$ cat model_31.pdb   # PDB, C-alpha atoms
ATOM      1  CA  MET O  25     -50.050  -4.535  -7.754
ATOM      2  CA  PRO O  26     -47.351  -7.174  -7.029
ATOM      3  CA  THR O  27     -46.146  -9.423  -9.823
ATOM      4  CA  PRO O  28     -47.832 -12.857  -9.657
ATOM      5  CA  LEU O  29     -45.562 -15.531  -8.193
ATOM      6  CA  SER O  30     -45.754 -17.639 -11.365
ATOM      7  CA  SER O  31     -44.561 -14.693 -13.503
ATOM      8  CA  ARG O  32     -41.716 -13.908 -11.114
ATOM      9  CA  LEU O  33     -40.498 -17.501 -11.098
ATOM     10  CA  HIS O  34     -40.795 -17.630 -14.864
ATOM     11  CA  ARG O  35     -38.606 -14.539 -15.287
ATOM     12  CA  LEU O  36     -36.079 -15.750 -12.727
ATOM     13  CA  ALA O  37     -35.858 -19.071 -14.512
ATOM     14  CA  ILE O  38     -35.438 -17.418 -17.925
ATOM     15  CA  LEU O  39     -32.625 -15.226 -16.609
ATOM     16  CA  HIS O  40     -30.968 -18.242 -14.989
ATOM     17  CA  GLY O  41     -31.306 -20.238 -18.219
ATOM     18  CA  CYS O  42     -29.710 -17.482 -20.312
ATOM     19  CA  LEU O  43     -26.753 -17.007 -17.963
ATOM     20  CA  ALA O  44     -26.210 -20.713 -17.358
ATOM     21  CA  GLY O  45     -26.363 -21.357 -21.103
ATOM     22  CA  ALA O  46     -23.795 -18.649 -21.837
ATOM     23  CA  LEU O  47     -21.442 -20.063 -19.206
ATOM     24  CA  ALA O  48     -21.832 -23.598 -20.578
ATOM     25  CA  GLU O  49     -21.051 -22.364 -24.115
ATOM     26  CA  GLY O  50     -17.993 -20.410 -22.969
ATOM     27  CA  LEU O  51     -19.441 -17.022 -23.913
ATOM     28  CA  PRO O  52     -18.274 -13.833 -22.149
ATOM     29  CA  GLY O  53     -21.848 -13.073 -21.083
ATOM     30  CA  VAL O  54     -25.265 -11.967 -22.298
ATOM     31  CA  LEU O  55     -26.049  -8.414 -23.390
ATOM     32  CA  THR O  56     -28.648  -6.418 -21.494
ATOM     33  CA  GLU O  57     -30.757  -5.922 -24.627
ATOM     34  CA  GLU O  58     -30.799  -9.653 -25.320
ATOM     35  CA  LEU O  59     -31.927 -10.414 -21.763
ATOM     36  CA  LEU O  60     -34.665  -7.791 -22.006
ATOM     37  CA  GLU O  61     -35.887  -9.452 -25.204
ATOM     38  CA  HIS O  62     -36.035 -12.843 -23.476
ATOM     39  CA  LEU O  63     -37.705 -11.470 -20.353
ATOM     40  CA  GLY O  64     -40.181  -9.320 -22.235
ATOM     41  CA  GLY O  65     -39.874  -6.658 -19.547
ATOM     42  CA  GLU O  66     -38.213  -3.382 -18.608
ATOM     43  CA  ARG O  67     -34.722  -2.811 -17.241
ATOM     44  CA  LYS O  68     -36.003  -2.498 -13.684
ATOM     45  CA  SER O  69     -37.512  -5.977 -14.034
ATOM     46  CA  LEU O  70     -34.122  -7.344 -15.099
ATOM     47  CA  TYR O  71     -32.369  -5.655 -12.169
ATOM     48  CA  ARG O  72     -35.010  -6.962  -9.761
ATOM     49  CA  CYS O  73     -34.608 -10.518 -11.073
ATOM     50  CA  ALA O  74     -30.827 -10.288 -10.848
ATOM     51  CA  GLN O  75     -31.061  -9.087  -7.257
ATOM     52  CA  GLU O  76     -33.421 -11.924  -6.323
ATOM     53  CA  LEU O  77     -30.994 -14.459  -7.786
ATOM     54  CA  ARG O  78     -28.112 -12.831  -5.891
ATOM     55  CA  GLU O  79     -30.114 -13.251  -2.691
ATOM     56  CA  MET O  80     -30.153 -16.976  -3.482
ATOM     57  CA  ASP O  81     -26.327 -16.800  -3.722
ATOM     58  CA  ALA O  82     -26.264 -16.827  -7.526
ATOM     59  CA  PRO O  83     -22.780 -15.675  -8.714
ATOM     60  CA  ILE O  84     -24.043 -12.934 -11.064
ATOM     61  CA  GLU O  85     -21.699 -10.256 -12.360
ATOM     62  CA  TYR O  86     -22.591  -7.251 -14.495
ATOM     63  CA  ASP O  87     -19.992  -5.284 -16.468
ATOM     64  CA  GLY O  88     -21.258  -1.742 -17.030
ATOM     65  CA  SER O  89     -18.634  -1.006 -19.690
ATOM     66  CA  THR O  90     -19.657  -3.911 -21.948
ATOM     67  CA  HIS O  91     -23.266  -4.256 -20.736
ATOM     68  CA  LEU O  92     -22.701  -7.994 -20.280
ATOM     69  CA  TRP O  93     -24.254 -10.176 -17.589
ATOM     70  CA  ARG O  94     -22.655 -13.498 -16.639
ATOM     71  CA  TYR O  95     -22.322 -16.248 -14.065
ATOM     72  CA  LEU O  96     -18.857 -16.485 -12.508
ATOM     73  CA  GLU O  97     -19.312 -20.220 -11.960
ATOM     74  CA  VAL O  98     -21.850 -23.018 -12.377
ATOM     75  CA  TRP O  99     -24.901 -22.493 -10.161
ATOM     76  CA  ASN O 100     -28.363 -24.007  -9.835
ATOM     77  CA  PRO O 101     -31.364 -22.581  -7.955
ATOM     78  CA  PRO O 102     -32.050 -24.036  -4.497
ATOM     79  CA  PHE O 103     -35.567 -25.224  -5.331
ATOM     80  CA  PRO O 104     -37.319 -27.056  -8.178
ATOM     81  CA  TRP O 105     -38.791 -24.952 -10.942
ATOM     82  CA  ALA O 106     -39.979 -25.317 -14.507
ATOM     83  CA  TRP O 107     -38.407 -22.620 -16.695
ATOM     84  CA  THR O 108     -40.600 -23.420 -19.673
ATOM     85  CA  PHE O 109     -43.968 -23.568 -17.933
ATOM     86  CA  VAL O 110     -45.843 -21.116 -15.732
ATOM     87  CA  GLY O 111     -48.681 -21.245 -13.229
ATOM     88  CA  ALA O 112     -50.643 -24.397 -12.484
ATOM     89  CA  PRO O 113     -49.256 -26.326 -15.513
ATOM     90  CA  ALA O 114     -45.750 -25.813 -14.123
ATOM     91  CA  LEU O 115     -46.694 -27.367 -10.800
ATOM     92  CA  ASN O 116     -48.574 -30.185 -12.493
ATOM     93  CA  LEU O 117     -45.762 -31.043 -14.903
ATOM     94  CA  SER O 118     -43.188 -30.772 -12.120
ATOM     95  CA  LEU O 119     -45.200 -33.351 -10.186
ATOM     96  CA  LEU O 120     -45.465 -35.571 -13.248
ATOM     97  CA  PHE O 121     -41.717 -35.247 -13.706
ATOM     98  CA  LEU O 122     -41.277 -36.871 -10.302
ATOM     99  CA  LEU O 123     -43.847 -39.601 -10.923
ATOM    100  CA  ASP O 124     -43.233 -40.709 -14.491
ATOM    101  CA  PRO O 125     -39.786 -42.273 -15.156
ATOM    102  CA  GLU O 126     -40.169 -41.885 -18.935
ATOM    103  CA  LEU O 127     -41.108 -38.225 -18.649
ATOM    104  CA  ARG O 128     -38.306 -37.633 -16.164
ATOM    105  CA  LYS O 129     -35.714 -38.594 -18.775
ATOM    106  CA  ALA O 130     -37.274 -36.383 -21.448
ATOM    107  CA  LEU O 131     -37.471 -33.362 -19.165
ATOM    108  CA  GLU O 132     -33.866 -33.436 -17.969
ATOM    109  CA  GLY O 133     -32.549 -29.934 -18.445
ATOM    110  CA  VAL O 134     -36.051 -28.494 -18.647
ATOM    111  CA  ILE O 135     -37.112 -28.856 -15.014
ATOM    112  CA  HIS O 136     -34.509 -28.577 -12.295
ATOM    113  CA  LEU O 137     -34.697 -30.857  -9.263
ATOM    114  CA  GLU O 138     -32.331 -31.015  -6.338
ATOM    115  CA  PRO O 139     -30.479 -34.367  -6.030
ATOM    116  CA  GLU O 140     -32.019 -34.914  -2.592
ATOM    117  CA  ILE O 141     -35.495 -35.158  -4.127
ATOM    118  CA  ARG O 142     -36.210 -38.806  -4.855
ATOM    119  CA  SER O 143     -38.566 -39.981  -7.600
ATOM    120  CA  ARG O 144     -41.006 -42.643  -6.453
ATOM    121  CA  GLY O 145     -43.814 -43.271  -8.899
ATOM    122  CA  HIS O 146     -47.106 -44.583  -7.546
ATOM    123  CA  SER O 147     -49.973 -46.012  -9.563
ATOM    124  CA  THR O 148     -52.598 -44.080  -7.577
ATOM    125  CA  LEU O 149     -51.021 -40.690  -8.276
ATOM    126  CA  PRO O 150     -51.824 -38.600 -11.395
ATOM    127  CA  ARG O 151     -49.699 -38.729 -14.515
ATOM    128  CA  LEU O 152     -49.936 -37.727 -18.154
ATOM    129  CA  THR O 153     -52.147 -40.136 -20.084
ATOM    130  CA  ALA O 154     -51.067 -38.957 -23.531
ATOM    131  CA  LYS O 155     -48.852 -41.082 -25.754
ATOM    132  CA  PHE O 156     -46.326 -38.824 -27.461
ATOM    133  CA  GLU O 157     -42.702 -38.739 -28.537
ATOM    134  CA  ARG O 158     -40.780 -37.919 -25.358
ATOM    135  CA  GLY O 159     -38.061 -36.251 -27.399
ATOM    136  CA  LEU O 160     -40.473 -33.472 -28.361
ATOM    137  CA  LEU O 161     -40.356 -31.801 -24.952
ATOM    138  CA  PRO O 162     -36.662 -30.828 -24.848
ATOM    139  CA  GLN O 163     -36.873 -29.441 -28.400
ATOM    140  CA  ILE O 164     -40.005 -27.410 -27.637
ATOM    141  CA  ALA O 165     -38.413 -26.219 -24.409
ATOM    142  CA  LYS O 166     -35.397 -24.920 -26.341
ATOM    143  CA  ALA O 167     -37.631 -23.167 -28.871
ATOM    144  CA  LEU O 168     -39.636 -21.526 -26.087
ATOM    145  CA  ARG O 169     -36.523 -20.410 -24.256
ATOM    146  CA  ASP O 170     -34.810 -18.993 -27.353
ATOM    147  CA  LYS O 171     -38.048 -17.743 -29.004
ATOM    148  CA  ARG O 172     -37.397 -19.708 -32.196
ATOM    149  CA  ARG O 173     -39.798 -21.045 -34.796
ATOM    150  CA  ILE O 174     -40.443 -24.775 -35.043
ATOM    151  CA  ARG O 175     -41.583 -27.038 -37.881
ATOM    152  CA  PHE O 176     -43.370 -30.372 -37.496
ATOM    153  CA  SER O 177     -45.779 -32.809 -39.117
ATOM    154  CA  TYR O 178     -49.260 -32.801 -37.596
ATOM    155  CA  THR O 179     -51.649 -35.763 -37.901
ATOM    156  CA  LYS O 180     -55.336 -35.062 -37.314
ATOM    157  CA  PRO O 181     -57.729 -37.715 -35.907
ATOM    158  CA  ASP O 182     -59.005 -38.405 -39.445
ATOM    159  CA  GLY O 183     -55.480 -39.424 -40.497
ATOM    160  CA  SER O 184     -54.701 -36.385 -42.655
ATOM    161  CA  VAL O 185     -51.172 -35.010 -42.265
ATOM    162  CA  SER O 186     -50.031 -31.427 -42.763
ATOM    163  CA  GLU O 187     -46.726 -29.619 -42.345
ATOM    164  CA  ARG O 188     -46.774 -26.786 -39.812
ATOM    165  CA  GLU O 189     -44.487 -23.902 -38.950
ATOM    166  CA  VAL O 190     -45.343 -22.091 -35.735
ATOM    167  CA  GLY O 191     -44.084 -19.630 -33.179
ATOM    168  CA  PRO O 192     -44.399 -21.410 -29.798
ATOM    169  CA  LEU O 193     -46.016 -19.547 -26.890
ATOM    170  CA  GLU O 194     -46.448 -22.056 -24.067
ATOM    171  CA  LEU O 195     -47.023 -25.681 -23.129
ATOM    172  CA  PHE O 196     -50.009 -26.636 -21.029
ATOM    173  CA  GLU O 197     -51.868 -29.726 -19.888
ATOM    174  CA  TRP O 198     -55.571 -30.466 -20.433
ATOM    175  CA  ASN O 199     -57.197 -33.717 -19.309
ATOM    176  CA  GLY O 200     -53.891 -35.529 -19.124
ATOM    177  CA  MET O 201     -52.806 -34.342 -22.591
ATOM    178  CA  PRO O 202     -49.943 -31.884 -23.161
ATOM    179  CA  TYR O 203     -50.649 -29.176 -25.754
ATOM    180  CA  LEU O 204     -48.570 -26.472 -27.393
ATOM    181  CA  GLN O 205     -50.192 -23.077 -27.852
ATOM    182  CA  ALA O 206     -48.544 -21.362 -30.796
ATOM    183  CA  VAL O 207     -48.969 -18.839 -33.595
ATOM    184  CA  ASP O 208     -49.564 -20.606 -36.914
ATOM    185  CA  LEU O 209     -47.174 -18.856 -39.321
ATOM    186  CA  LEU O 210     -48.085 -20.600 -42.585
ATOM    187  CA  GLU O 211     -51.719 -19.527 -42.559
ATOM    188  CA  ALA O 212     -52.942 -16.063 -41.594
ATOM    189  CA  PRO O 213     -51.166 -15.592 -38.248
ATOM    190  CA  THR O 214     -53.581 -17.087 -35.714
ATOM    191  CA  VAL O 215     -53.096 -18.681 -32.307
ATOM    192  CA  LYS O 216     -53.820 -22.410 -32.291
ATOM    193  CA  ARG O 217     -53.338 -25.361 -29.959
ATOM    194  CA  PHE O 218     -51.555 -28.550 -31.009
ATOM    195  CA  ALA O 219     -51.634 -31.890 -29.182
ATOM    196  CA  LEU O 220     -48.135 -33.278 -28.692
ATOM    197  CA  SER O 221     -49.520 -36.764 -29.356
ATOM    198  CA  ARG O 222     -50.176 -35.717 -32.984
ATOM    199  CA  MET O 223     -46.804 -34.057 -33.598
ATOM    200  CA  SER O 224     -43.800 -35.711 -35.247
ATOM    201  CA  ARG O 225     -40.557 -34.870 -37.091
ATOM    202  CA  LEU O 226     -40.188 -31.647 -35.093
ATOM    203  CA  ALA O 227     -37.267 -29.341 -35.842
ATOM    204  CA  VAL O 228     -36.225 -26.076 -34.190
ATOM    205  CA  THR O 229     -35.249 -23.470 -36.789
ATOM    206  CA  GLU O 230     -32.685 -20.693 -36.517
ATOM    207  CA  GLU O 231     -35.345 -18.052 -37.165
ATOM    208  CA  ARG O 232     -36.409 -15.937 -34.196
ATOM    209  CA  PHE O 233     -40.058 -15.476 -33.338
ATOM    210  CA  ARG O 234     -41.471 -12.245 -31.941
ATOM    211  CA  GLN O 235     -44.266 -13.101 -29.547
ATOM    212  CA  PRO O 236     -47.551 -11.184 -29.820
ATOM    213  CA  ALA O 237     -48.805  -8.921 -27.053
ATOM    214  CA  LYS O 238     -50.493 -10.796 -24.202
ATOM    215  CA  ARG O 239     -53.826  -9.149 -24.996
ATOM    216  CA  ASP O 240     -53.730 -10.840 -28.428
ATOM    217  CA  VAL O 241     -53.174 -14.343 -27.022
ATOM    218  CA  PRO O 242     -56.416 -16.195 -26.189
ATOM    219  CA  SER O 243     -56.767 -17.615 -22.699
ATOM    220  CA  CYS O 244     -59.304 -20.353 -22.084
ATOM    221  CA  LEU O 245     -59.797 -23.951 -21.007
ATOM    222  CA  GLY O 246     -59.595 -26.813 -23.456
ATOM    223  CA  ALA O 247     -57.822 -27.847 -26.613
ATOM    224  CA  TYR O 248     -59.441 -25.150 -28.784
ATOM    225  CA  CYS O 249     -58.941 -21.387 -28.686
ATOM    226  CA  ALA O 250     -60.258 -20.097 -32.030
ATOM    227  CA  ASP O 251     -63.528 -18.615 -30.729
ATOM    228  CA  VAL O 252     -63.257 -17.922 -27.012
ATOM    229  CA  PHE O 253     -66.561 -17.416 -25.189
ATOM    230  CA  THR O 254     -67.710 -17.247 -21.580
ATOM    231  CA  ALA O 255     -69.628 -20.287 -20.362
ATOM    232  CA  THR O 256     -72.087 -19.696 -17.513
ATOM    233  CA  ILE O 257     -72.672 -22.864 -15.483
ATOM    234  CA  ARG O 258     -74.953 -23.549 -12.525
ATOM    235  CA  ALA O 259     -73.991 -25.938  -9.739
ATOM    236  CA  ASP O 260     -76.696 -27.283  -7.410
ATOM    237  CA  VAL O 261     -76.440 -27.063  -3.637
ATOM    238  CA  GLN O 262     -74.783 -30.490  -3.332
ATOM    239  CA  HIS O 263     -72.009 -29.549  -5.762
ATOM    240  CA  ALA O 264     -71.511 -25.844  -4.984
ATOM    241  CA  ALA O 265     -68.778 -26.566  -2.438
ATOM    242  CA  PHE O 266     -66.888 -28.485  -5.125
ATOM    243  CA  VAL O 267     -66.742 -25.282  -7.192
ATOM    244  CA  ARG O 268     -65.896 -22.957  -4.294
ATOM    245  CA  GLU O 269     -62.720 -24.899  -3.515
ATOM    246  CA  ARG O 270     -61.455 -24.885  -7.124
ATOM    247  CA  ARG O 271     -60.161 -22.342  -9.580
ATOM    248  CA  TRP O 272     -60.017 -23.787 -13.077
ATOM    249  CA  HIS O 273     -59.078 -20.500 -14.754
ATOM    250  CA  LYS O 274     -57.857 -17.041 -13.710
ATOM    251  CA  GLU O 275     -60.970 -15.440 -15.265
ATOM    252  CA  GLN O 276     -63.356 -17.678 -13.327
ATOM    253  CA  THR O 277     -66.152 -15.775 -11.542
ATOM    254  CA  GLU O 278     -68.704 -17.025  -9.020
ATOM    255  CA  LYS O 279     -72.107 -15.869  -7.834
ATOM    256  CA  GLU O 280     -73.960 -17.334  -4.863
ATOM    257  CA  LEU O 281     -77.586 -18.326  -5.500
ATOM    258  CA  SER O 282     -80.478 -18.411  -3.074
ATOM    259  CA  GLY O 283     -80.890 -21.882  -1.638
ATOM    260  CA  GLY O 284     -77.162 -22.649  -1.580
ATOM    261  CA  GLY O 285     -76.444 -23.196  -5.260
ATOM    262  CA  LEU O 286     -73.747 -21.416  -7.222
ATOM    263  CA  GLU O 287     -73.389 -19.918 -10.695
ATOM    264  CA  PHE O 288     -69.898 -19.618 -12.143
ATOM    265  CA  THR O 289     -68.260 -18.672 -15.436
ATOM    266  CA  LEU O 290     -65.315 -20.129 -17.346
ATOM    267  CA  PRO O 291     -63.801 -19.258 -20.752
ATOM    268  CA  PHE O 292     -63.811 -22.006 -23.404
ATOM    269  CA  GLY O 293     -62.899 -22.053 -27.085
ATOM    270  CA  ASN O 294     -65.354 -24.665 -28.331
ATOM    271  CA  ALA O 295     -69.002 -25.270 -27.324
ATOM    272  CA  ASP O 296     -68.895 -29.047 -27.876
ATOM    273  CA  GLU O 297     -65.786 -29.402 -25.739
ATOM    274  CA  ALA O 298     -67.314 -27.233 -23.004
ATOM    275  CA  ALA O 299     -70.484 -29.363 -23.079
ATOM    276  CA  ARG O 300     -68.472 -32.561 -22.630
ATOM    277  CA  TRP O 301     -66.526 -30.992 -19.757
ATOM    278  CA  ILE O 302     -69.744 -30.010 -17.979
ATOM    279  CA  LEU O 303     -71.175 -33.504 -18.421
ATOM    280  CA  GLY O 304     -67.969 -34.918 -16.990
ATOM    281  CA  GLN O 305     -68.528 -33.014 -13.748
ATOM    282  CA  GLY O 306     -71.766 -34.898 -13.084
ATOM    283  CA  SER O 307     -75.511 -34.281 -12.995
ATOM    284  CA  GLY O 308     -75.190 -31.375 -10.555
ATOM    285  CA  PHE O 309     -73.889 -29.030 -13.268
ATOM    286  CA  VAL O 310     -76.076 -27.350 -15.902
ATOM    287  CA  PRO O 311     -75.025 -24.769 -18.532
ATOM    288  CA  VAL O 312     -77.019 -21.521 -18.562
ATOM    289  CA  ALA O 313     -75.378 -19.550 -21.393
ATOM    290  CA  PRO O 314     -74.618 -19.014 -24.205
ATOM    291  CA  LYS O 315     -77.336 -20.672 -26.256
ATOM    292  CA  ALA O 316     -74.844 -22.589 -28.431
ATOM    293  CA  LEU O 317     -73.381 -24.225 -25.322
ATOM    294  CA  VAL O 318     -76.803 -25.168 -23.936
ATOM    295  CA  ALA O 319     -77.746 -26.678 -27.318
ATOM    296  CA  ALA O 320     -74.487 -28.661 -27.507
ATOM    297  CA  TRP O 321     -75.015 -29.946 -23.953
ATOM    298  CA  LYS O 322     -78.570 -31.086 -24.743
ATOM    299  CA  THR O 323     -77.328 -32.826 -27.898
ATOM    300  CA  GLU O 324     -74.749 -34.761 -25.889
ATOM    301  CA  ILE O 325     -77.397 -35.748 -23.323
ATOM    302  CA  HIS O 326     -79.692 -36.926 -26.127
ATOM    303  CA  LYS O 327     -76.904 -39.086 -27.572
ATOM    304  CA  LEU O 328     -76.197 -40.620 -24.183
ATOM    305  CA  SER O 329     -79.866 -41.277 -23.452
ATOM    306  CA  SER O 330     -80.337 -42.992 -26.841
ATOM    307  CA  LEU O 331     -77.437 -45.304 -26.037
ATOM    308  CA  ALA O 332     -78.985 -46.226 -22.708
ATOM    309  CA  THR O 333     -82.318 -47.321 -24.215
TER     310      THR O 333
END
$ encode --input "model_31.pdb" --output "structure tokens"
Amino acid sequence: MPTPLSSRLHRLAILHGCLAGALAEGLPGVLTEELLEHLGGERKSLYRCAQELREMDAPIEYDGSTHLWRYLEVWNPPFPWAWTFVGAPALNLSLLFLLDPELRKALEGVIHLEPEIRSRGHSTLPRLTAKFERGLLPQIAKALRDKRRIRFSYTKPDGSVSEREVGPLELFEWNGMPYLQAVDLLEAPTVKRFALSRMSRLAVTEERFRQPAKRDVPSCLGAYCADVFTATIRADVQHAAFVRERRWHKEQTEKELSGGGLEFTLPFGNADEAARWILGQGSGFVPVAPKALVAAWKTEIHKLSSLAT
């Protein structure tokens, strides 16, 4: 099975970042073992990535006697890419980078854009709605690239503040808010999601972080990932086409219903959040399972109906 395009671009970008960084720091190169650690793959994956960069005219040299890889001169890829982000979030944040002048400044060095691409923001186009310290992004990007631990202060909605130390896994966007998915290292090692808008005083440590196996990292929609479950949702005939033309998550499944409706599934990490998401899609969407989700959805409807009377 071919490697997904997002994974390929991610590996190419990581390799480029390592070699460009070594050249900028005046180092003789990067050892094979170090590159394999960054790429999280096998040697054949490294060789494949190197060949793909060479086909883009990247000046890569490998010294078999020292096992060092290096760039012979400064080089940038011929197309925009985000070397911190993967998949749909990468495309979304790349777009936001073009639209939002404030974000553009913060993401310099994180997302590469050719000089010919001009940034013209427009009020009708999407952009991040979150208010957060723009300086967080370059620091998180460095920690992700170098697989280093980070420390920061985290303020919850109730105003309580706690000090966190985490191993960063990835940045993603949900409802206009950027989040960091990371392994909480101060408590029992668990994967959590942190809103950038609630983070402050962030510092990248010198300590390396060994990422967990992909099977141990939860994958779901939303800001919560503690208890991932599969939500089954039914779309009526008027809204079924809306679902067919979208893919909110890689694990999304769909089943056609008699009469033209559609039943689909999505993974969430919190029933209340899933219920609010379903309500946000309109009256043509109804949760079917699990029971906790249906109950949370009915509770939200009851609250709304009481406000309307």
$ resolve_selection --input "model_31.pdb" --expression "the PyMOL selection byres ((chain O and resi 194-200) around 6)" --output "JSON list (two decimals) with C-alpha atoms, keeping the file's coordinate frame"
[["chain", "number", "residue", "atom", "x", "y", "z"],
["O", 113, "PRO", "CA", -49.26, -26.33, -15.51],
["O", 152, "LEU", "CA", -49.94, -37.73, -18.15],
["O", 153, "THR", "CA", -52.15, -40.14, -20.08],
["O", 193, "LEU", "CA", -46.02, -19.55, -26.89],
["O", 201, "MET", "CA", -52.81, -34.34, -22.59],
["O", 202, "PRO", "CA", -49.94, -31.88, -23.16],
["O", 203, "TYR", "CA", -50.65, -29.18, -25.75],
["O", 204, "LEU", "CA", -48.57, -26.47, -27.39],
["O", 205, "GLN", "CA", -50.19, -23.08, -27.85]]
$ atom_distance --input "model_31.pdb" --atom1 "CA of Glu189 in chain O" --atom2 "CA of Ala46 in chain O"
27.4 Å
$ resolve_selection --input "model_31.pdb" --expression "the PyMOL selection byres ((chain O and resi 250) around 9)" --output "PyMOL selection string"
chain O and resi 214-217+242+248-249+251-252+293-294
$ residues_around --input "model_31.pdb" --residues "Leu210 in chain O" --least-positions-apart "2" --cutoff "10 Å" --atoms "only C-alpha atoms" --output "PyMOL selection string"
chain O and resi 187-190+207-208+212-214
$ resolve_selection --input "model_31.pdb" --expression "the PyMOL selection byres ((chain O and resi 179) around 10)" --output "number ranges by chain"
O: 176-178, 180-187, 218-219, 221-224
$ atom_distance --input "model_31.pdb" --atom1 "CA of Arg232 in chain O" --atom2 "CA of Arg172 in chain O"
4.4 Å
$ atom_distance --input "model_31.pdb" --atom1 "CA of Glu297 in chain O" --atom2 "CA of Gly246 in chain O"
7.1 Å
$ residues_around --input "model_31.pdb" --residues "Ser69 in chain O" --least-positions-apart "4" --cutoff "12 Å" --atoms "all atoms listed in the file" --output "number ranges by chain"
O: 27, 31-32, 35-36, 39, 56, 59-65, 73-76
$ closest_residue --input "model_31.pdb" --among "O:Gly304, O:Pro311, O:Pro192, O:Gly285" --to "Ala255 in chain O" --atoms "only C-alpha atoms"
O:Pro311
$ closest_residue --input "model_31.pdb" --among "O:Glu57, O:Asp81, O:Glu231, O:Asp240" --to "Ala167 in chain O" --atoms "all atoms listed in the file"
O:Glu231
$ residues_around --input "model_31.pdb" --residues "range 287-290 of chain O" --least-positions-apart "6" --cutoff "12 Å" --atoms "only C-alpha atoms" --output "PyMOL selection string"
chain O and resi 243-246+252-261+263-268+270-281+298+301-302+308-314
$ closest_residue --input "model_31.pdb" --among "O:Glu79, O:Glu230, O:Lys238, O:Leu96" --to "Lys166 in chain O" --atoms "all atoms listed in the file"
O:Glu230
$ residues_around --input "model_31.pdb" --residues "Glu85 in chain O" --least-positions-apart "6" --cutoff "10 Å" --atoms "all atoms listed in the file" --output "ChimeraX atom specification"
/O:53,74,78,92-96
$ axis_aligned_box --input "model_31.pdb" --around "range 233-249 of chain O" --padding-each-side "8 Å" --output "JSON"
{"center_x": -49.9, "center_y": -18.4, "center_z": -27.2, "size_x": 35.7, "size_y": 34.9, "size_z": 28.3}
$ build_atoms --input "model_31.pdb" --residues "range 232-243 of chain O" --atoms "N, CA and C atoms" --output "compact mmCIF listing (two decimals), keeping the file's coordinate frame"
# COMPACT_ATOMS: atom_id res chain seq x y z
N ARG O 232 -35.81 -16.44 -35.43
CA ARG O 232 -36.41 -15.94 -34.20
C ARG O 232 -37.90 -15.68 -34.40
N PHE O 233 -38.62 -15.70 -33.29
CA PHE O 233 -40.06 -15.48 -33.34
C PHE O 233 -40.41 -14.38 -32.34
N ARG O 234 -41.06 -13.34 -32.82
CA ARG O 234 -41.47 -12.24 -31.94
C ARG O 234 -42.87 -12.55 -31.42
N GLN O 235 -42.98 -12.73 -30.14
CA GLN O 235 -44.27 -13.10 -29.55
C GLN O 235 -45.25 -11.95 -29.60
N PRO O 236 -46.54 -12.24 -29.80
CA PRO O 236 -47.55 -11.18 -29.82
C PRO O 236 -47.79 -10.63 -28.42
N ALA O 237 -48.45 -9.50 -28.35
CA ALA O 237 -48.80 -8.92 -27.05
C ALA O 237 -49.75 -9.87 -26.32
N LYS O 238 -49.68 -9.88 -24.99
CA LYS O 238 -50.49 -10.80 -24.20
C LYS O 238 -51.98 -10.63 -24.48
N ARG O 239 -52.40 -9.39 -24.76
CA ARG O 239 -53.83 -9.15 -25.00
C ARG O 239 -54.31 -9.84 -26.27
N ASP O 240 -53.37 -10.20 -27.17
CA ASP O 240 -53.73 -10.84 -28.43
C ASP O 240 -53.65 -12.36 -28.35
N VAL O 241 -53.28 -12.90 -27.19
CA VAL O 241 -53.17 -14.34 -27.02
C VAL O 241 -54.40 -14.84 -26.26
N PRO O 242 -55.21 -15.72 -26.86
CA PRO O 242 -56.42 -16.20 -26.19
C PRO O 242 -56.08 -17.01 -24.95
N SER O 243 -56.94 -16.87 -23.94
CA SER O 243 -56.77 -17.61 -22.70
C SER O 243 -58.09 -18.29 -22.36
